[in-house]
>>> print(open('run-v5.pdb').read())   # PDB, C-alpha atoms and all ligand atoms
ATOM      1  CA  MET U  36       0.000   0.000   0.000
ATOM      2  CA  THR U  37       1.326   3.463  -0.791
ATOM      3  CA  GLN U  38       1.925   5.811   2.128
ATOM      4  CA  PRO U  39      -0.331   8.873   2.161
ATOM      5  CA  ARG U  40       1.832  11.876   1.334
ATOM      6  CA  ASN U  41       0.534  14.022   4.134
ATOM      7  CA  LYS U  42       0.656  12.717   7.682
ATOM      8  CA  VAL U  43      -0.277  14.683  10.790
ATOM      9  CA  VAL U  44       0.142  13.002  14.167
ATOM     10  CA  ILE U  45      -0.641  14.803  17.418
ATOM     11  CA  PHE U  46       0.671  13.372  20.675
ATOM     12  CA  LEU U  47      -1.639  14.097  23.585
ATOM     13  CA  GLY U  48      -0.989  13.279  27.207
ATOM     14  CA  PRO U  49      -0.057  14.789  30.549
ATOM     15  CA  PRO U  50       3.403  16.132  31.416
ATOM     16  CA  GLY U  51       5.851  13.244  31.662
ATOM     17  CA  ALA U  52       3.680  10.798  29.695
ATOM     18  CA  GLY U  53       6.408  10.192  27.117
ATOM     19  CA  LYS U  54       5.165  12.390  24.264
ATOM     20  CA  GLY U  55       8.594  13.803  23.435
ATOM     21  CA  THR U  56      10.353  10.432  23.722
ATOM     22  CA  GLN U  57       7.884   8.575  21.513
ATOM     23  CA  ALA U  58       7.429  11.431  19.028
ATOM     24  CA  GLU U  59      11.195  11.550  18.476
ATOM     25  CA  ARG U  60      11.349   7.882  17.507
ATOM     26  CA  LEU U  61       8.225   7.918  15.352
ATOM     27  CA  ALA U  62       9.494  10.996  13.527
ATOM     28  CA  ARG U  63      12.868   9.336  12.886
ATOM     29  CA  GLU U  64      11.413   6.036  11.710
ATOM     30  CA  GLN U  65       8.646   7.503   9.552
ATOM     31  CA  GLY U  66      10.435  10.505   8.094
ATOM     32  CA  LEU U  67       8.244  13.060   9.842
ATOM     33  CA  THR U  68       9.170  16.471  11.211
ATOM     34  CA  LYS U  69       8.724  16.697  14.984
ATOM     35  CA  ILE U  70       7.388  20.010  16.214
ATOM     36  CA  SER U  71       7.840  20.230  19.980
ATOM     37  CA  THR U  72       6.532  23.534  21.315
ATOM     38  CA  GLY U  73       8.170  23.018  24.715
ATOM     39  CA  GLU U  74      11.581  22.572  23.023
ATOM     40  CA  ILE U  75      11.046  25.611  20.819
ATOM     41  CA  LEU U  76      10.137  27.763  23.823
ATOM     42  CA  ARG U  77      13.040  26.464  25.955
ATOM     43  CA  ASP U  78      15.401  27.216  23.075
ATOM     44  CA  HIS U  79      14.184  30.827  23.031
ATOM     45  CA  VAL U  80      14.666  31.029  26.800
ATOM     46  CA  SER U  81      18.234  29.672  26.633
ATOM     47  CA  ARG U  82      19.135  32.072  23.796
ATOM     48  CA  GLY U  83      17.615  34.985  25.717
ATOM     49  CA  THR U  84      15.503  36.158  22.771
ATOM     50  CA  GLU U  85      12.703  38.663  23.310
ATOM     51  CA  LEU U  86      10.192  35.831  23.182
ATOM     52  CA  GLY U  87      12.351  33.803  25.579
ATOM     53  CA  GLN U  88      12.391  36.624  28.111
ATOM     54  CA  GLN U  89       8.640  37.005  27.782
ATOM     55  CA  VAL U  90       7.807  33.316  28.295
ATOM     56  CA  ARG U  91      10.459  32.368  30.845
ATOM     57  CA  PRO U  92       8.394  33.160  33.978
ATOM     58  CA  ILE U  93       5.432  31.319  32.476
ATOM     59  CA  LEU U  94       7.459  28.131  31.888
ATOM     60  CA  ASP U  95       9.054  28.426  35.340
ATOM     61  CA  ALA U  96       5.584  28.574  36.878
ATOM     62  CA  GLY U  97       4.251  25.606  34.879
ATOM     63  CA  GLN U  98       1.515  27.726  33.278
ATOM     64  CA  LEU U  99       0.590  27.887  29.596
ATOM     65  CA  VAL U 100       2.047  30.468  27.241
ATOM     66  CA  PRO U 101      -0.736  32.562  25.576
ATOM     67  CA  ASP U 102      -2.463  30.943  22.619
ATOM     68  CA  ASP U 103      -1.653  33.718  20.119
ATOM     69  CA  ILE U 104       2.112  33.203  20.640
ATOM     70  CA  LEU U 105       1.853  29.444  20.088
ATOM     71  CA  ILE U 106      -0.443  29.733  17.092
ATOM     72  CA  ALA U 107       1.933  32.206  15.411
ATOM     73  CA  LEU U 108       4.880  29.846  16.070
ATOM     74  CA  ILE U 109       3.043  26.914  14.493
ATOM     75  CA  ARG U 110       1.819  28.979  11.542
ATOM     76  CA  ASP U 111       5.458  29.856  10.812
ATOM     77  CA  ARG U 112       6.603  26.245  11.080
ATOM     78  CA  LEU U 113       3.900  24.964   8.733
ATOM     79  CA  ALA U 114       4.182  27.754   6.173
ATOM     80  CA  GLY U 115       4.961  26.328   2.757
ATOM     81  CA  MET U 116       5.390  22.763   4.045
ATOM     82  CA  GLU U 117       4.702  20.344   1.197
ATOM     83  CA  PRO U 118       3.932  17.546   1.813
ATOM     84  CA  VAL U 119       2.816  18.080   5.407
ATOM     85  CA  ARG U 120       4.436  15.251   7.374
ATOM     86  CA  VAL U 121       4.567  16.267  11.015
ATOM     87  CA  ILE U 122       4.291  15.089  14.581
ATOM     88  CA  PHE U 123       3.138  17.608  17.146
ATOM     89  CA  ASP U 124       4.494  17.166  20.677
ATOM     90  CA  GLY U 125       2.897  19.557  23.175
ATOM     91  CA  PHE U 126       0.611  21.339  20.728
ATOM     92  CA  PRO U 127      -2.289  21.931  20.737
ATOM     93  CA  ARG U 128      -2.942  22.336  24.462
ATOM     94  CA  THR U 129      -6.163  24.337  24.467
ATOM     95  CA  CYS U 130      -9.336  24.218  22.394
ATOM     96  CA  ALA U 131      -8.413  27.568  20.820
ATOM     97  CA  GLN U 132      -5.077  26.073  19.694
ATOM     98  CA  ALA U 133      -6.810  22.949  18.327
ATOM     99  CA  GLU U 134      -9.298  25.030  16.340
ATOM    100  CA  ALA U 135      -6.503  27.228  14.962
ATOM    101  CA  LEU U 136      -4.516  24.133  13.975
ATOM    102  CA  ASP U 137      -7.529  22.678  12.176
ATOM    103  CA  MET U 138      -7.826  25.885  10.164
ATOM    104  CA  LEU U 139      -4.127  25.896   9.279
ATOM    105  CA  LEU U 140      -4.270  22.242   8.250
ATOM    106  CA  GLU U 141      -7.384  22.842   6.180
ATOM    107  CA  GLU U 142      -5.586  25.611   4.292
ATOM    108  CA  LEU U 143      -2.769  23.142   3.607
ATOM    109  CA  GLY U 144      -5.171  20.333   2.631
ATOM    110  CA  ALA U 145      -3.645  18.051   5.286
ATOM    111  CA  PRO U 146      -6.173  16.696   7.800
ATOM    112  CA  VAL U 147      -5.192  15.140  11.145
ATOM    113  CA  THR U 148      -4.204  11.474  10.719
ATOM    114  CA  ALA U 149      -4.200  10.253  14.338
ATOM    115  CA  VAL U 150      -4.020  11.498  17.915
ATOM    116  CA  PRO U 151      -2.338   8.987  20.236
ATOM    117  CA  LEU U 152      -3.216   9.736  23.871
ATOM    118  CA  LEU U 153      -0.530   8.426  26.251
ATOM    119  CA  GLU U 154      -2.117   7.384  29.544
ATOM    120  CA  VAL U 155       0.038   7.147  32.684
ATOM    121  CA  PRO U 156      -1.023   7.369  36.365
ATOM    122  CA  ASP U 157      -0.388  10.736  38.032
ATOM    123  CA  GLU U 158       2.155   9.537  40.618
ATOM    124  CA  LEU U 159       4.290   7.779  38.004
ATOM    125  CA  LEU U 160       4.300  10.991  35.958
ATOM    126  CA  ILE U 161       5.651  12.952  38.914
ATOM    127  CA  GLU U 162       8.295  10.269  39.535
ATOM    128  CA  ARG U 163       9.474  10.426  35.898
ATOM    129  CA  ILE U 164       9.718  14.203  35.888
ATOM    130  CA  VAL U 165      11.496  14.475  39.233
ATOM    131  CA  GLU U 166      13.874  11.678  38.204
ATOM    132  CA  ARG U 167      14.695  13.494  34.956
ATOM    133  CA  GLY U 168      15.597  16.602  36.955
ATOM    134  CA  ARG U 169      17.677  14.540  39.392
ATOM    135  CA  GLN U 170      19.578  12.728  36.624
ATOM    136  CA  ALA U 171      20.324  15.951  34.747
ATOM    137  CA  ALA U 172      21.698  17.540  37.932
ATOM    138  CA  LEU U 173      23.818  14.448  38.629
ATOM    139  CA  LEU U 174      25.264  14.508  35.112
ATOM    140  CA  GLY U 175      25.912  18.249  35.245
ATOM    141  CA  GLU U 176      23.399  18.830  32.422
ATOM    142  CA  PRO U 177      20.900  21.705  32.283
ATOM    143  CA  VAL U 178      17.939  21.003  34.576
ATOM    144  CA  ARG U 179      14.533  22.078  33.301
ATOM    145  CA  SER U 180      13.198  24.751  35.655
ATOM    146  CA  ASP U 181       9.787  23.032  35.635
ATOM    147  CA  ASP U 182      11.138  19.585  36.591
ATOM    148  CA  THR U 183      10.562  20.018  40.335
ATOM    149  CA  GLU U 184       7.795  18.171  42.154
ATOM    150  CA  GLU U 185       5.946  21.385  42.963
ATOM    151  CA  VAL U 186       5.922  22.707  39.394
ATOM    152  CA  ALA U 187       5.215  19.234  37.970
ATOM    153  CA  ARG U 188       2.057  19.045  40.113
ATOM    154  CA  ARG U 189       0.985  22.481  38.877
ATOM    155  CA  ARG U 190       1.588  21.329  35.277
ATOM    156  CA  GLN U 191      -0.712  18.366  35.975
ATOM    157  CA  GLU U 192      -3.446  20.713  37.200
ATOM    158  CA  VAL U 193      -3.039  22.929  34.161
ATOM    159  CA  TYR U 194      -3.252  19.841  31.949
ATOM    160  CA  ARG U 195      -6.470  18.713  33.644
ATOM    161  CA  GLU U 196      -8.085  22.128  33.345
ATOM    162  CA  GLN U 197      -6.954  23.276  29.916
ATOM    163  CA  THR U 198      -5.730  20.325  27.848
ATOM    164  CA  GLN U 199      -7.934  17.391  28.881
ATOM    165  CA  PRO U 200     -10.934  18.864  27.013
ATOM    166  CA  LEU U 201      -8.985  18.084  23.820
ATOM    167  CA  ILE U 202      -9.569  14.387  24.480
ATOM    168  CA  ASP U 203     -13.275  14.904  23.722
ATOM    169  CA  TYR U 204     -12.419  17.256  20.873
ATOM    170  CA  TYR U 205     -10.397  14.623  19.019
ATOM    171  CA  ALA U 206     -12.592  11.679  20.086
ATOM    172  CA  ALA U 207     -15.595  13.436  18.528
ATOM    173  CA  ARG U 208     -13.666  13.675  15.244
ATOM    174  CA  GLY U 209     -12.637   9.997  15.333
ATOM    175  CA  HIS U 210      -8.914  10.730  15.666
ATOM    176  CA  LEU U 211      -8.216   9.667  19.272
ATOM    177  CA  ARG U 212      -6.184   6.501  19.970
ATOM    178  CA  HIS U 213      -5.843   5.435  23.612
ATOM    179  CA  VAL U 214      -2.347   4.129  24.394
ATOM    180  CA  ASP U 215      -1.227   2.602  27.698
ATOM    181  CA  GLY U 216       1.901   4.633  28.461
ATOM    182  CA  VAL U 217       3.163   2.363  31.252
ATOM    183  CA  GLY U 218       5.942  -0.092  30.418
ATOM    184  CA  THR U 219       9.257   0.097  28.658
ATOM    185  CA  MET U 220       9.754   2.716  25.964
ATOM    186  CA  ASP U 221       9.796  -0.095  23.359
ATOM    187  CA  GLU U 222       6.519  -1.521  24.646
ATOM    188  CA  VAL U 223       4.826   1.864  24.495
ATOM    189  CA  TYR U 224       6.211   2.481  20.999
ATOM    190  CA  GLY U 225       4.832  -0.887  19.839
ATOM    191  CA  ARG U 226       1.385   0.032  21.161
ATOM    192  CA  ILE U 227       1.474   3.377  19.354
ATOM    193  CA  GLN U 228       2.326   1.633  16.092
ATOM    194  CA  GLN U 229      -0.564  -0.825  16.593
ATOM    195  CA  THR U 230      -3.068   2.021  16.923
ATOM    196  CA  MET U 231      -1.867   3.615  13.709
ATOM    197  CA  ARG U 232      -2.255   0.584  11.460
TER     198      ARG U 232
HETATM  199  P1  LIG Q   1       6.536  20.598  27.249
HETATM  200  O1  LIG Q   1       7.972  20.636  26.967
HETATM  201  O2  LIG Q   1       5.573  20.232  26.184
HETATM  202  O3  LIG Q   1       6.372  19.716  28.545
HETATM  203  P2  LIG Q   1       5.240  18.657  29.026
HETATM  204  O4  LIG Q   1       4.054  18.459  28.184
HETATM  205  O5  LIG Q   1       4.953  19.122  30.391
HETATM  206  O6  LIG Q   1       5.938  17.369  28.813
HETATM  207  P3  LIG Q   1       7.311  16.717  29.263
HETATM  208  O7  LIG Q   1       8.352  17.125  28.278
HETATM  209  O8  LIG Q   1       7.618  16.889  30.703
HETATM  210  O9  LIG Q   1       6.859  15.231  29.120
HETATM  211  P4  LIG Q   1       6.597  14.313  27.844
HETATM  212  O10 LIG Q   1       5.190  13.836  27.823
HETATM  213  O11 LIG Q   1       7.120  14.921  26.578
HETATM  214  O12 LIG Q   1       7.470  13.095  28.270
HETATM  215  P5  LIG Q   1       9.009  12.814  27.963
HETATM  216  O13 LIG Q   1       9.113  12.018  26.714
HETATM  217  O14 LIG Q   1       9.766  14.095  28.060
HETATM  218  O15 LIG Q   1       6.042  22.043  27.809
HETATM  219  C1  LIG Q   1       6.777  22.746  28.776
HETATM  220  C2  LIG Q   1       6.126  24.097  29.006
HETATM  221  O16 LIG Q   1       6.157  24.871  27.778
HETATM  222  C3  LIG Q   1       4.650  24.109  29.399
HETATM  223  O17 LIG Q   1       4.468  23.916  30.793
HETATM  224  C4  LIG Q   1       4.201  25.485  28.927
HETATM  225  O18 LIG Q   1       4.616  26.483  29.831
HETATM  226  C5  LIG Q   1       4.971  25.655  27.634
HETATM  227  N1  LIG Q   1       4.240  25.164  26.453
HETATM  228  C6  LIG Q   1       4.639  24.162  25.607
HETATM  229  N2  LIG Q   1       3.739  23.972  24.659
HETATM  230  C7  LIG Q   1       2.746  24.863  24.886
HETATM  231  C8  LIG Q   1       1.501  25.114  24.236
HETATM  232  N3  LIG Q   1       1.113  24.419  23.149
HETATM  233  N4  LIG Q   1       0.715  26.099  24.749
HETATM  234  C9  LIG Q   1       1.097  26.824  25.819
HETATM  235  N5  LIG Q   1       2.256  26.613  26.485
HETATM  236  C10 LIG Q   1       3.069  25.636  26.020
HETATM  237  O19 LIG Q   1       9.338  11.852  29.182
HETATM  238  C11 LIG Q   1       9.402  12.343  30.499
HETATM  239  C12 LIG Q   1      10.491  11.554  31.264
HETATM  240  O20 LIG Q   1      10.063  10.202  31.407
HETATM  241  C13 LIG Q   1      11.835  11.518  30.521
HETATM  242  O21 LIG Q   1      12.869  11.542  31.448
HETATM  243  C14 LIG Q   1      11.798  10.166  29.801
HETATM  244  O22 LIG Q   1      13.072   9.634  29.598
HETATM  245  C15 LIG Q   1      10.991   9.329  30.775
HETATM  246  N6  LIG Q   1      10.183   8.295  30.097
HETATM  247  C16 LIG Q   1       9.490   8.429  28.936
HETATM  248  N7  LIG Q   1       8.870   7.279  28.627
HETATM  249  C17 LIG Q   1       9.180   6.396  29.632
HETATM  250  C18 LIG Q   1       8.846   5.042  29.888
HETATM  251  N8  LIG Q   1       8.069   4.337  29.054
HETATM  252  N9  LIG Q   1       9.346   4.456  31.013
HETATM  253  C19 LIG Q   1      10.147   5.167  31.866
HETATM  254  N10 LIG Q   1      10.505   6.451  31.668
HETATM  255  C20 LIG Q   1      10.023   7.063  30.574
END
>>> encode(input="run-v5.pdb", output="structure tokens")
Amino acid sequence: MTQPRNKVVIFLGPPGAGKGTQAERLAREQGLTKISTGEILRDHVSRGTELGQQVRPILDAGQLVPDDILIALIRDRLAGMEPVRVIFDGFPRTCAQAEALDMLLEELGAPVTAVPLLEVPDELLIERIVERGRQAALLGEPVRSDDTEEVARRRQEVYREQTQPLIDYYAARGHLRHVDGVGTMDEVYGRIQQTMR
């Protein structure tokens, strides 16, 4: 069977669910461009750009950056992309972002292909995030300012309030794929592949 030219995968799931990890591998193996809004924002912060200075306190606090900033970033990334072969990691995170993305994709003639939702219990999520911060500190690598237990719990609350409604949004459109996110990274990757067959 020939591969569809356009492919748009959106990883949904709470902080620490494994979106970035799994999106990286899927992008590599399927020749897709990964668009990680958290990485893009952290890069601006580390380079001290105007945008970085503006969003830094928001990231530190575990809150969401305003929709208009994110939508403009994504519009730029998608501009002129042909074919559209992307994985979104961390976007959209609000209904306004999802609606804006739908409009951008419609303009490009590239509908959403699938939305894997990585499901992991809350306490395991906190453990993963705190452990990532601990490991980075041990190795002398940069520690994410939001990888503390306190900020991770706030990120979970923000996810529940502002991002969880997207589960219904994508379920209603037939795109949602539930994926058990507990297990080894290989096991989770295998489950994601199963849901996309
Ligand atoms: P973002 O960078 O998107 O962070 P997040 O969603 O909170 O997600 P994480 O990166 O913590 O987790 P993940 O699900 O990607 O898991 P990962 O693979 O890293 O956003 C950061 C901030 O930017 C936001 O708080 C907000 O301020 C801002 N922002 C970003 N996008 C925005 C948007 N659209 N709108 C507004 N604001 C936005 O894995 C986590 C850890 O677990 C890693 O150490 C990993 O090695 C480990 N791990 C992964 N899988 C497994 C496994 N199967 N078993 C054991 N360990 C595992």
>>> atom_distance(input="run-v5.pdb", atom1="CA of Pro146 in chain U", atom2="CA of Ala207 in chain U")
14.6 Å
>>> closest_atom_pairs(input="run-v5.pdb", of="chain U", to="ligand LIG 1 (chain Q)", cutoff="7 Å", atoms="all atoms listed in the file", output="Markdown table")
| residue | atom | partner | partner_atom | distance |
| --- | --- | --- | --- | --- |
| U:Gly48 | CA | Q:LIG1 | O10 | 6.2 |
| U:Pro49 | CA | Q:LIG1 | O10 | 6.0 |
| U:Pro50 | CA | Q:LIG1 | O5 | 3.5 |
| U:Gly51 | CA | Q:LIG1 | O9 | 3.4 |
| U:Ala52 | CA | Q:LIG1 | O10 | 3.9 |
| U:Gly53 | CA | Q:LIG1 | O13 | 3.3 |
| U:Lys54 | CA | Q:LIG1 | O10 | 3.8 |
| U:Gly55 | CA | Q:LIG1 | O11 | 3.6 |
| U:Thr56 | CA | Q:LIG1 | O13 | 3.6 |
| U:Gln57 | CA | Q:LIG1 | O13 | 6.4 |
| U:Ser71 | CA | Q:LIG1 | O2 | 6.6 |
| U:Thr72 | CA | Q:LIG1 | N2 | 4.4 |
| U:Gly73 | CA | Q:LIG1 | O1 | 3.3 |
| U:Glu74 | CA | Q:LIG1 | O1 | 5.7 |
| U:Leu76 | CA | Q:LIG1 | O16 | 6.3 |
| U:Ile93 | CA | Q:LIG1 | O18 | 5.6 |
| U:Leu94 | CA | Q:LIG1 | O18 | 3.9 |
| U:Gly97 | CA | Q:LIG1 | O17 | 4.4 |
| U:Gln98 | CA | Q:LIG1 | O18 | 4.8 |
| U:Leu99 | CA | Q:LIG1 | N5 | 3.8 |
| U:Val100 | CA | Q:LIG1 | N5 | 3.9 |
| U:Pro101 | CA | Q:LIG1 | C9 | 6.0 |
| U:Asp102 | CA | Q:LIG1 | N4 | 6.2 |
| U:Leu105 | CA | Q:LIG1 | N4 | 5.8 |
| U:Asp124 | CA | Q:LIG1 | O2 | 6.4 |
| U:Gly125 | CA | Q:LIG1 | O2 | 4.1 |
| U:Phe126 | CA | Q:LIG1 | N3 | 3.9 |
| U:Pro127 | CA | Q:LIG1 | N3 | 4.9 |
| U:Arg128 | CA | Q:LIG1 | N3 | 4.7 |
| U:Arg163 | CA | Q:LIG1 | O20 | 4.5 |
| U:Ile164 | CA | Q:LIG1 | C12 | 5.4 |
| U:Glu166 | CA | Q:LIG1 | O21 | 6.8 |
| U:Arg167 | CA | Q:LIG1 | O21 | 4.4 |
| U:Arg190 | CA | Q:LIG1 | O17 | 5.9 |
| U:Gly216 | CA | Q:LIG1 | N8 | 6.2 |
| U:Val217 | CA | Q:LIG1 | N8 | 5.7 |
| U:Gly218 | CA | Q:LIG1 | N8 | 5.1 |
| U:Thr219 | CA | Q:LIG1 | N8 | 4.4 |
| U:Met220 | CA | Q:LIG1 | N8 | 3.9 |
| U:Val223 | CA | Q:LIG1 | N8 | 6.1 |
>>> resolve_selection(input="run-v5.pdb", expression="the PyMOL selection byres (((chain U and resi 116) around 12) and not hetatm)", output="list in words")
Arg40, Asn41, Lys42, Val43, Leu67, Thr68, Ile109, Arg110, Asp111, Arg112, Leu113, Ala114, Gly115, Glu117, Pro118, Val119, Arg120, Val121, Leu139, Leu140, Glu142, Leu143, Gly144 and Ala145 of chain U
>>> axis_aligned_box(input="run-v5.pdb", around="range 151-161 of chain U", padding_each_side="4 Å", output="lines of an AutoDock Vina configuration file")
center_x = 1.2
center_y = 10.0
center_z = 30.4
size_x = 16.9
size_y = 13.8
size_z = 28.4
>>> closest_residue(input="run-v5.pdb", among="U:Tyr205, U:Phe46, U:Tyr224, U:Tyr194", to="Arg60 in chain U", atoms="all atoms listed in the file")
U:Tyr224
>>> residues_around(input="run-v5.pdb", residues="Leu47 in chain U", least_positions_apart="2", cutoff="7 Å", atoms="all atoms listed in the file", output="VMD selection string")
chain U and resid 45 150 to 153
>>> closest_residue(input="run-v5.pdb", among="U:Val165, U:Leu136, U:Gly225, U:Gln65", to="Val186 in chain U", atoms="only C-alpha atoms")
U:Val165
>>> residues_near_point(input="run-v5.pdb", point="(0.3, 16.1, 36.2)", cutoff="9 Å", atoms="all atoms listed in the file", output="PyMOL selection string")
chain U and resi 49-51+156-158+160-161+187-195
>>> residues_around(input="run-v5.pdb", residues="Arg226 in chain U", least_positions_apart="5", cutoff="9 Å", atoms="all atoms listed in the file", output="list in words")
Val214, Asp215, Gly216, Asp221 and Met231 of chain U
>>> atom_distance(input="run-v5.pdb", atom1="CA of Arg212 in chain U", atom2="CA of Val44 in chain U")
10.8 Å
>>> atom_distance(input="run-v5.pdb", atom1="CA of Ser180 in chain U", atom2="CA of Gln197 in chain U")
21.0 Å
>>> closest_residue(input="run-v5.pdb", among="U:Val80, U:Ala96, U:Ala133, U:Ala107", to="Pro200 in chain U", atoms="only C-alpha atoms")
U:Ala133
>>> closest_residue(input="run-v5.pdb", among="U:Ile227, U:Val178, U:Ile75, U:Ile202", to="Asp95 in chain U", atoms="all atoms listed in the file")
U:Val178
>>> decode(input="run-v5.pdb", residues="range 144-204 of chain U", atoms="C-alpha atoms", output="PDB file, in the first residue's frame")
ATOM      1  CA  GLY U 144      -5.171  20.333   2.631  1.00  0.00           C
ATOM      2  CA  ALA U 145      -3.645  18.051   5.286  1.00  0.00           C
ATOM      3  CA  PRO U 146      -6.173  16.696   7.800  1.00  0.00           C
ATOM      4  CA  VAL U 147      -5.192  15.140  11.145  1.00  0.00           C
ATOM      5  CA  THR U 148      -4.204  11.474  10.719  1.00  0.00           C
ATOM      6  CA  ALA U 149      -4.200  10.253  14.338  1.00  0.00           C
ATOM      7  CA  VAL U 150      -4.020  11.498  17.915  1.00  0.00           C
ATOM      8  CA  PRO U 151      -2.338   8.987  20.236  1.00  0.00           C
ATOM      9  CA  LEU U 152      -3.216   9.736  23.871  1.00  0.00           C
ATOM     10  CA  LEU U 153      -0.530   8.426  26.251  1.00  0.00           C
ATOM     11  CA  GLU U 154      -2.117   7.384  29.544  1.00  0.00           C
ATOM     12  CA  VAL U 155       0.038   7.147  32.684  1.00  0.00           C
ATOM     13  CA  PRO U 156      -1.023   7.369  36.365  1.00  0.00           C
ATOM     14  CA  ASP U 157      -0.388  10.736  38.032  1.00  0.00           C
ATOM     15  CA  GLU U 158       2.155   9.537  40.618  1.00  0.00           C
ATOM     16  CA  LEU U 159       4.290   7.779  38.004  1.00  0.00           C
ATOM     17  CA  LEU U 160       4.300  10.991  35.958  1.00  0.00           C
ATOM     18  CA  ILE U 161       5.651  12.952  38.914  1.00  0.00           C
ATOM     19  CA  GLU U 162       8.295  10.269  39.535  1.00  0.00           C
ATOM     20  CA  ARG U 163       9.474  10.426  35.898  1.00  0.00           C
ATOM     21  CA  ILE U 164       9.718  14.203  35.888  1.00  0.00           C
ATOM     22  CA  VAL U 165      11.496  14.475  39.233  1.00  0.00           C
ATOM     23  CA  GLU U 166      13.874  11.678  38.204  1.00  0.00           C
ATOM     24  CA  ARG U 167      14.695  13.494  34.956  1.00  0.00           C
ATOM     25  CA  GLY U 168      15.597  16.602  36.955  1.00  0.00           C
ATOM     26  CA  ARG U 169      17.677  14.540  39.392  1.00  0.00           C
ATOM     27  CA  GLN U 170      19.578  12.728  36.624  1.00  0.00           C
ATOM     28  CA  ALA U 171      20.324  15.951  34.747  1.00  0.00           C
ATOM     29  CA  ALA U 172      21.698  17.540  37.932  1.00  0.00           C
ATOM     30  CA  LEU U 173      23.818  14.448  38.629  1.00  0.00           C
ATOM     31  CA  LEU U 174      25.264  14.508  35.112  1.00  0.00           C
ATOM     32  CA  GLY U 175      25.912  18.249  35.245  1.00  0.00           C
ATOM     33  CA  GLU U 176      23.399  18.830  32.422  1.00  0.00           C
ATOM     34  CA  PRO U 177      20.900  21.705  32.283  1.00  0.00           C
ATOM     35  CA  VAL U 178      17.939  21.003  34.576  1.00  0.00           C
ATOM     36  CA  ARG U 179      14.533  22.078  33.301  1.00  0.00           C
ATOM     37  CA  SER U 180      13.198  24.751  35.655  1.00  0.00           C
ATOM     38  CA  ASP U 181       9.787  23.032  35.635  1.00  0.00           C
ATOM     39  CA  ASP U 182      11.138  19.585  36.591  1.00  0.00           C
ATOM     40  CA  THR U 183      10.562  20.018  40.335  1.00  0.00           C
ATOM     41  CA  GLU U 184       7.795  18.171  42.154  1.00  0.00           C
ATOM     42  CA  GLU U 185       5.946  21.385  42.963  1.00  0.00           C
ATOM     43  CA  VAL U 186       5.922  22.707  39.394  1.00  0.00           C
ATOM     44  CA  ALA U 187       5.215  19.234  37.970  1.00  0.00           C
ATOM     45  CA  ARG U 188       2.057  19.045  40.113  1.00  0.00           C
ATOM     46  CA  ARG U 189       0.985  22.481  38.877  1.00  0.00           C
ATOM     47  CA  ARG U 190       1.588  21.329  35.277  1.00  0.00           C
ATOM     48  CA  GLN U 191      -0.712  18.366  35.975  1.00  0.00           C
ATOM     49  CA  GLU U 192      -3.446  20.713  37.200  1.00  0.00           C
ATOM     50  CA  VAL U 193      -3.039  22.929  34.161  1.00  0.00           C
ATOM     51  CA  TYR U 194      -3.252  19.841  31.949  1.00  0.00           C
ATOM     52  CA  ARG U 195      -6.470  18.713  33.644  1.00  0.00           C
ATOM     53  CA  GLU U 196      -8.085  22.128  33.345  1.00  0.00           C
ATOM     54  CA  GLN U 197      -6.954  23.276  29.916  1.00  0.00           C
ATOM     55  CA  THR U 198      -5.730  20.325  27.848  1.00  0.00           C
ATOM     56  CA  GLN U 199      -7.934  17.391  28.881  1.00  0.00           C
ATOM     57  CA  PRO U 200     -10.934  18.864  27.013  1.00  0.00           C
ATOM     58  CA  LEU U 201      -8.985  18.084  23.820  1.00  0.00           C
ATOM     59  CA  ILE U 202      -9.569  14.387  24.480  1.00  0.00           C
ATOM     60  CA  ASP U 203     -13.275  14.904  23.722  1.00  0.00           C
ATOM     61  CA  TYR U 204     -12.419  17.256  20.873  1.00  0.00           C
TER      62      TYR U 204
END
